[in-house]
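Peer 1: Quick one: this structure, given as C-alpha cells, is what I'll be asking you about.
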Amino acid sequence: MKKHVGIQPLKMFLLAVLLMLLNNVSVFASGDSGAIRNGGVVSSASEYSSQIGIDILKKGGNAVDAAVATIFTIGVVEPNLSSIGGSGIMTIYTKENDQCIVIEYMETVPSNMKAGWFNPQTDKNTAKNAALPGQVYGILTALDKYGTMSREEVMAPAIQLARNGFIADKRLADSIKSNYDILSQNPDFADIYLNNGKPIKEGDIIKNKLLADTLEKLAEQGIEGFYKGELAGEIVTGLQNGNNLITLDDMSKYRAIERVPIQTSYHGYNIIVPSMPSNGGEWLLESLNILENYDLKSMGVNSSEYLFTLNEALRLGMADAFTYLGDPAFFNIPTDTIVSKDYAKKRLASMPVNKAMINPPHGDLITNPVKSGGEDSKETSHISVMDKYGNLVSTTNTIGSAWGCKYMAPGLGFFYNSHISNLEHDPLKADSPDYVIPGKRVRSTITPAIVLKDRDPVMAIGSPGNSSIPPAILAVLNNVLIFDMNIQQAIDLPRAFVLDLYNPILTIEGSYFEPDVKNELLNLGYVFNDVSRYNSALGGIAAVYYDTNTQKYHGGADPRRNYKSISYEEVTKKYSEYEKLLPAA
C-alpha cells in the first residue's frame, strides 16, 4: 500500500496548476521574483464596472487597461457622477519599472472667459458652468502610454452596456428623482432616464443609445476626434448653443499633464499622491507627517483621544491646503516644504492639547495665502485596480455637482461638468488662487493614492466626497497600517471627521459610537453633526490591498456608496461575467 503514498497530493497540485492555466491566472508575476499572486482585483462604484474591469484582466490586460474600461463603464452606470464631459486624476504604479506616474486631466477655463461673465447664482445649472472637459484626453493618454490593449477592446463593454441597457440601482434612481424638475426639460434626458415622463425606479432598465454611438465614435477617432475632429465639432456646437464660451481652438489646445507625484514615508510605507492642482495630496501628506509623531496605536482606534488627535492634525493640514493652493502654472506653491517632516514638526506647536481649535492657523509660508471660496467637487467616483503583475492604478473622476452643470450634450448622451463654479469670479478677489483666468486648470481635492513598501505594491486607495476625501483615506490607512485591520474592516469602521475649515463641527456616524466616547468628544469642544449611520458625506473608499504575508490581493468597497470590489478568483466562484448581469432582452 505504501506505493500510493504521495500520489494524491501530486494529483491535487497538478490539478490546481491546470485550473489556474485554464482560468488564465499567472502562477508567477512578471518581474516579481517568483512571488505567487492571484489575478488581480478591482474596486469601483458598481458591480457592472468592477466586473468589466476584471473581465479585461481575464483577457490579459493590465491594471491601466482595466481602469480605463472601468472609467468608461462608470460613465454609463453613474452618469450623475462621472462622464466624458468631466475630469479626473490617475495615479499609476508600474511594477516592472518601479515607477509612479500621475496623469492629471482636470478641466481648463475657456480662453474668452473674463471675470464677471459667469454668475454663480443664476448660471450654475446651465451650460455656462462647463469648463473644457479633460477625462477623454487623460484616460486615453494613460491607455496609449501604459496600457496594452486597444481603445476598441477596452471600450467595447461600456458601449455594449449603454446600448443594451443596465439595471438602475437605488442611488441612480434617487438622483434622477431629486433632479427631475431641472433635468426633465431636456428631451434627451427624458428619453433615456424617464419612463412615460416619470423618473425611472430602482430595478428599471436604462438604455443610452446616444452615448453608445458617441463612445463608438470615440473608440474609432480617439483623442484627435474628441478634441479636433467630428466629435469636437458636435461638442462645441452644443455647448455654444447653451451660451458656453468653449471654442474649437480651446478644444484643440487642451492637454492632459503627466506630473511628478509627491510622497512621504509613514511607519515604513511610502504614501504617493498627486500634487496641485489637487490640494488633497498636500493635505493628506502633511496630516500623516504630523500624526507620525504620536503613538496612535496606544490610544486605541476610535477612542476620543485618537479621534481628537486625528482630526486636529487633519485640520492643520486642511488650513494649509486651502491657503497654499492653485494651478502650479499660475502660482509658486511651497509643496516641498508643506510635505516635509521638518515642517510637520513645526506644525506640532499648533496642535491643541485638550480643546478643539476654532479657525486652525495656517503655516507661515511665502506664496498667495488667500482662503479659497470655491466649492469643490462633491459628485465623484473612485476606482482602484491591481493586476497580477503588481501594477496599481488609483483614479478619481468627477463632473462636479450631481449631473454636473445639468446640461446634457445634445445628441451625444452625456452630461458636462460644473467646474466653472469652482472658480472665484469676483474682480475684487483677483488675488484668490481660484480666481478665473483663461487657461487655468480647475482645482480639486481628489486624491488617488498609492501605497508601497520596499518597492512592493501594497494599496491603491481613494474616495469621492469633497473635504471628506483626505480624512477618509487617512483613516483607512491608519486602520490597515497601524491597527492591523483587513481592508474591508478598515473601510467599515465608523467615521467622525471635522469637514468645516473653520469650526470644530464633527460629522459623526453617531449610532456606532459609545456614549462615553461621544461625551468626551463634546467635552473636547466639538459640536456634532450626527448623521447617525453610514453616510456618504464621510467619503466612499474604493481600495485594493496586497497582503504580503498571504501574497494575495484583496478588495475593499465602501458601504456608504454601495461600492463593489471583485477579485480575480471570485469571478469563477461567485460572479458571472458582466454580460450575465445585463437585463434580459
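Residues in the C-alpha cells are numbered from 1 in each chain, the chains being A, B, ... in the order shown, and ligands are numbered from 1 in the order shown.
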Quick one: everything within 9 Å of Asn293 in chain A, counting only C-alpha atoms, minus sequence neighbours fewer than 6 positions away in the same chain. Send it as a count of residues only.
Peer 2: 3
Peer 1: Which of range 237-481 of chain A end up as strand (DSSP E or B) when DSSP is run on this backbone - answer as a ChimeraX atom specification?
Peer 2: /A:257-259,262-266,269-273,278,380-387,392-398,408,415-416,424,435,441,444,449-453,456-462
Peer 1: For range 175-185 of chain A, find every residue with an atom within 12 Å (counting only C-alpha atoms), except residues of its own chain fewer than 6 positions away, and show them as an MDAnalysis selection string.
Peer 2: chainID A and resid 78:81 124:126 168:169 191:202 206 379 401:408 415
Peer 1: Could you go through range 413-569 of chain A and tell me which residues DSSP, when run on the backbone, assigns to helix (DSSP H, G or I), listing them as a PyMOL selection string?
Peer 2: chain A and resi 419-422+427-429+466-481+487-492+510-512+515-523+536-538+568-569
Peer 1: Please write the residues from the selection above to a file, keeping N, CA and C atoms, as a short mmCIF file (atom, residue, chain, number, x, y, z; two decimals), in the first residue's frame.
Peer 2:
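What follows is the written file part-v6.cif:
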```
data_model
loop_
_atom_site.label_atom_id
_atom_site.label_comp_id
_atom_site.auth_asym_id
_atom_site.auth_seq_id
_atom_site.Cartn_x
_atom_site.Cartn_y
_atom_site.Cartn_z
N HIS A 419 -17.59 72.80 -13.31
CA HIS A 419 -16.41 73.28 -12.60
C HIS A 419 -16.08 74.76 -12.79
N ILE A 420 -16.79 75.46 -13.67
CA ILE A 420 -16.60 76.92 -13.72
C ILE A 420 -17.02 77.53 -12.39
N SER A 421 -18.02 76.93 -11.74
CA SER A 421 -18.47 77.45 -10.45
C SER A 421 -17.49 77.17 -9.33
N ASN A 422 -16.46 76.36 -9.58
CA ASN A 422 -15.39 76.18 -8.58
C ASN A 422 -14.50 77.40 -8.46
N PRO A 427 -14.19 90.29 -9.37
CA PRO A 427 -12.95 91.04 -9.65
C PRO A 427 -12.30 91.63 -8.41
N LEU A 428 -13.08 91.80 -7.34
CA LEU A 428 -12.49 92.33 -6.10
C LEU A 428 -11.66 91.28 -5.37
N LYS A 429 -11.74 90.02 -5.84
CA LYS A 429 -10.97 88.94 -5.21
C LYS A 429 -9.97 88.34 -6.20
N ASN A 466 -15.38 65.56 -1.72
CA ASN A 466 -15.01 66.92 -1.37
C ASN A 466 -14.05 66.93 -0.17
N SER A 467 -14.39 67.62 0.91
CA SER A 467 -13.46 67.75 2.04
C SER A 467 -13.37 66.49 2.89
N SER A 468 -14.14 65.46 2.57
CA SER A 468 -14.01 64.20 3.31
C SER A 468 -12.96 63.28 2.67
N ILE A 469 -12.41 63.65 1.52
CA ILE A 469 -11.52 62.74 0.80
C ILE A 469 -10.23 62.45 1.58
N PRO A 470 -9.39 63.45 1.89
CA PRO A 470 -8.18 63.14 2.66
C PRO A 470 -8.46 62.49 4.02
N PRO A 471 -9.47 62.97 4.80
CA PRO A 471 -9.74 62.29 6.07
C PRO A 471 -10.12 60.83 5.92
N ALA A 472 -10.96 60.51 4.93
CA ALA A 472 -11.38 59.12 4.75
C ALA A 472 -10.20 58.24 4.37
N ILE A 473 -9.36 58.72 3.46
CA ILE A 473 -8.18 57.95 3.06
C ILE A 473 -7.25 57.75 4.25
N LEU A 474 -6.99 58.83 4.99
CA LEU A 474 -6.07 58.74 6.12
C LEU A 474 -6.59 57.76 7.17
N ALA A 475 -7.86 57.82 7.47
CA ALA A 475 -8.41 56.92 8.50
C ALA A 475 -8.26 55.47 8.09
N VAL A 476 -8.53 55.16 6.83
CA VAL A 476 -8.41 53.78 6.37
C VAL A 476 -6.94 53.34 6.36
N LEU A 477 -6.05 54.23 5.95
CA LEU A 477 -4.62 53.91 6.01
C LEU A 477 -4.22 53.54 7.44
N ASN A 478 -4.63 54.35 8.40
CA ASN A 478 -4.30 54.04 9.80
C ASN A 478 -4.89 52.70 10.22
N ASN A 479 -6.12 52.43 9.84
CA ASN A 479 -6.78 51.19 10.24
C ASN A 479 -6.05 49.96 9.74
N VAL A 480 -5.47 50.07 8.54
CA VAL A 480 -4.73 48.93 7.97
C VAL A 480 -3.28 48.91 8.45
N LEU A 481 -2.59 50.04 8.32
CA LEU A 481 -1.14 50.06 8.55
C LEU A 481 -0.76 50.11 10.02
N ILE A 487 -8.67 45.10 4.79
CA ILE A 487 -9.08 46.31 4.09
C ILE A 487 -10.57 46.59 4.24
N GLN A 488 -11.39 45.53 4.25
CA GLN A 488 -12.83 45.78 4.38
C GLN A 488 -13.19 46.23 5.79
N GLN A 489 -12.58 45.63 6.80
CA GLN A 489 -12.80 46.09 8.17
C GLN A 489 -12.40 47.56 8.31
N ALA A 490 -11.27 47.91 7.69
CA ALA A 490 -10.76 49.28 7.78
C ALA A 490 -11.75 50.28 7.18
N ILE A 491 -12.40 49.88 6.09
CA ILE A 491 -13.37 50.76 5.44
C ILE A 491 -14.67 50.82 6.23
N ASP A 492 -15.08 49.70 6.79
CA ASP A 492 -16.35 49.61 7.50
C ASP A 492 -16.35 50.34 8.85
N GLY A 510 -22.99 58.66 14.52
CA GLY A 510 -23.12 58.59 15.97
C GLY A 510 -23.68 57.31 16.54
N SER A 511 -24.54 56.62 15.82
CA SER A 511 -25.15 55.42 16.39
C SER A 511 -24.16 54.30 16.60
N TYR A 512 -22.95 54.41 16.00
CA TYR A 512 -21.94 53.36 16.14
C TYR A 512 -20.96 53.62 17.28
N PRO A 515 -21.60 55.97 24.15
CA PRO A 515 -21.96 57.25 24.76
C PRO A 515 -20.78 57.94 25.45
N ASP A 516 -19.91 57.15 26.10
CA ASP A 516 -18.76 57.75 26.79
C ASP A 516 -17.84 58.47 25.81
N VAL A 517 -17.61 57.84 24.66
CA VAL A 517 -16.74 58.45 23.64
C VAL A 517 -17.36 59.74 23.13
N LYS A 518 -18.65 59.73 22.87
CA LYS A 518 -19.32 60.92 22.36
C LYS A 518 -19.30 62.05 23.40
N ASN A 519 -19.51 61.71 24.66
CA ASN A 519 -19.46 62.73 25.70
C ASN A 519 -18.07 63.34 25.83
N GLU A 520 -17.04 62.51 25.72
CA GLU A 520 -15.67 63.01 25.79
C GLU A 520 -15.36 63.92 24.61
N LEU A 521 -15.87 63.58 23.43
CA LEU A 521 -15.67 64.44 22.26
C LEU A 521 -16.37 65.78 22.43
N LEU A 522 -17.55 65.76 23.00
CA LEU A 522 -18.25 67.02 23.27
C LEU A 522 -17.47 67.87 24.27
N ASN A 523 -16.89 67.23 25.27
CA ASN A 523 -16.10 67.95 26.27
C ASN A 523 -14.82 68.53 25.67
N SER A 536 -22.56 58.95 3.11
CA SER A 536 -21.59 59.27 2.05
C SER A 536 -20.93 60.63 2.25
N ALA A 537 -21.45 61.46 3.17
CA ALA A 537 -20.77 62.71 3.48
C ALA A 537 -19.38 62.48 4.05
N LEU A 538 -19.14 61.26 4.56
CA LEU A 538 -17.85 60.92 5.15
C LEU A 538 -16.99 60.09 4.20
N TYR A 568 -10.08 38.45 -8.81
CA TYR A 568 -10.00 37.55 -9.95
C TYR A 568 -10.60 36.19 -9.64
N GLU A 569 -10.30 35.66 -8.44
CA GLU A 569 -10.79 34.34 -8.08
C GLU A 569 -12.32 34.31 -7.93
#
```
Peer 1: Go through A:His554, A:Arg255, A:His267, A:His382 one by one, measure the shortest atom-to-atom distance of each to Ile566 in chain A using only C-alpha atoms, and give the residue with the smallest value.
Peer 2: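 Among the listed residues, the smallest separation from Ile566 in chain A belongs to A:His554.
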Peer 1: Which residues of range 453-546 of chain A come within 12 Å of range 50-66 of chain A, and for each one, what is the closest pair of atoms and their distance in Å to one decimal, counting only C-alpha atoms, sorted by chain and residue number, as a Markdown table?
Peer 2:
```
| residue | atom | partner | partner_atom | distance |
| --- | --- | --- | --- | --- |
| A:Ala460 | CA | A:Ala63 | CA | 11.1 |
| A:Ala542 | CA | A:Ser50 | CA | 10.7 |
| A:Ala543 | CA | A:Ser50 | CA | 11.9 |
| A:Val544 | CA | A:Ala63 | CA | 11.6 |
```
Peer 1: Find the spatial neighbours of Asn562 in chain A, counting only C-alpha atoms, within a cut-off of 8 Å - ignore same-chain residues fewer than 5 positions away - and output them as a list in words.
Peer 2: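 Neighbouring residues, sequence-local ones excluded: Ala45, Ser46 and Ala557 of chain A.
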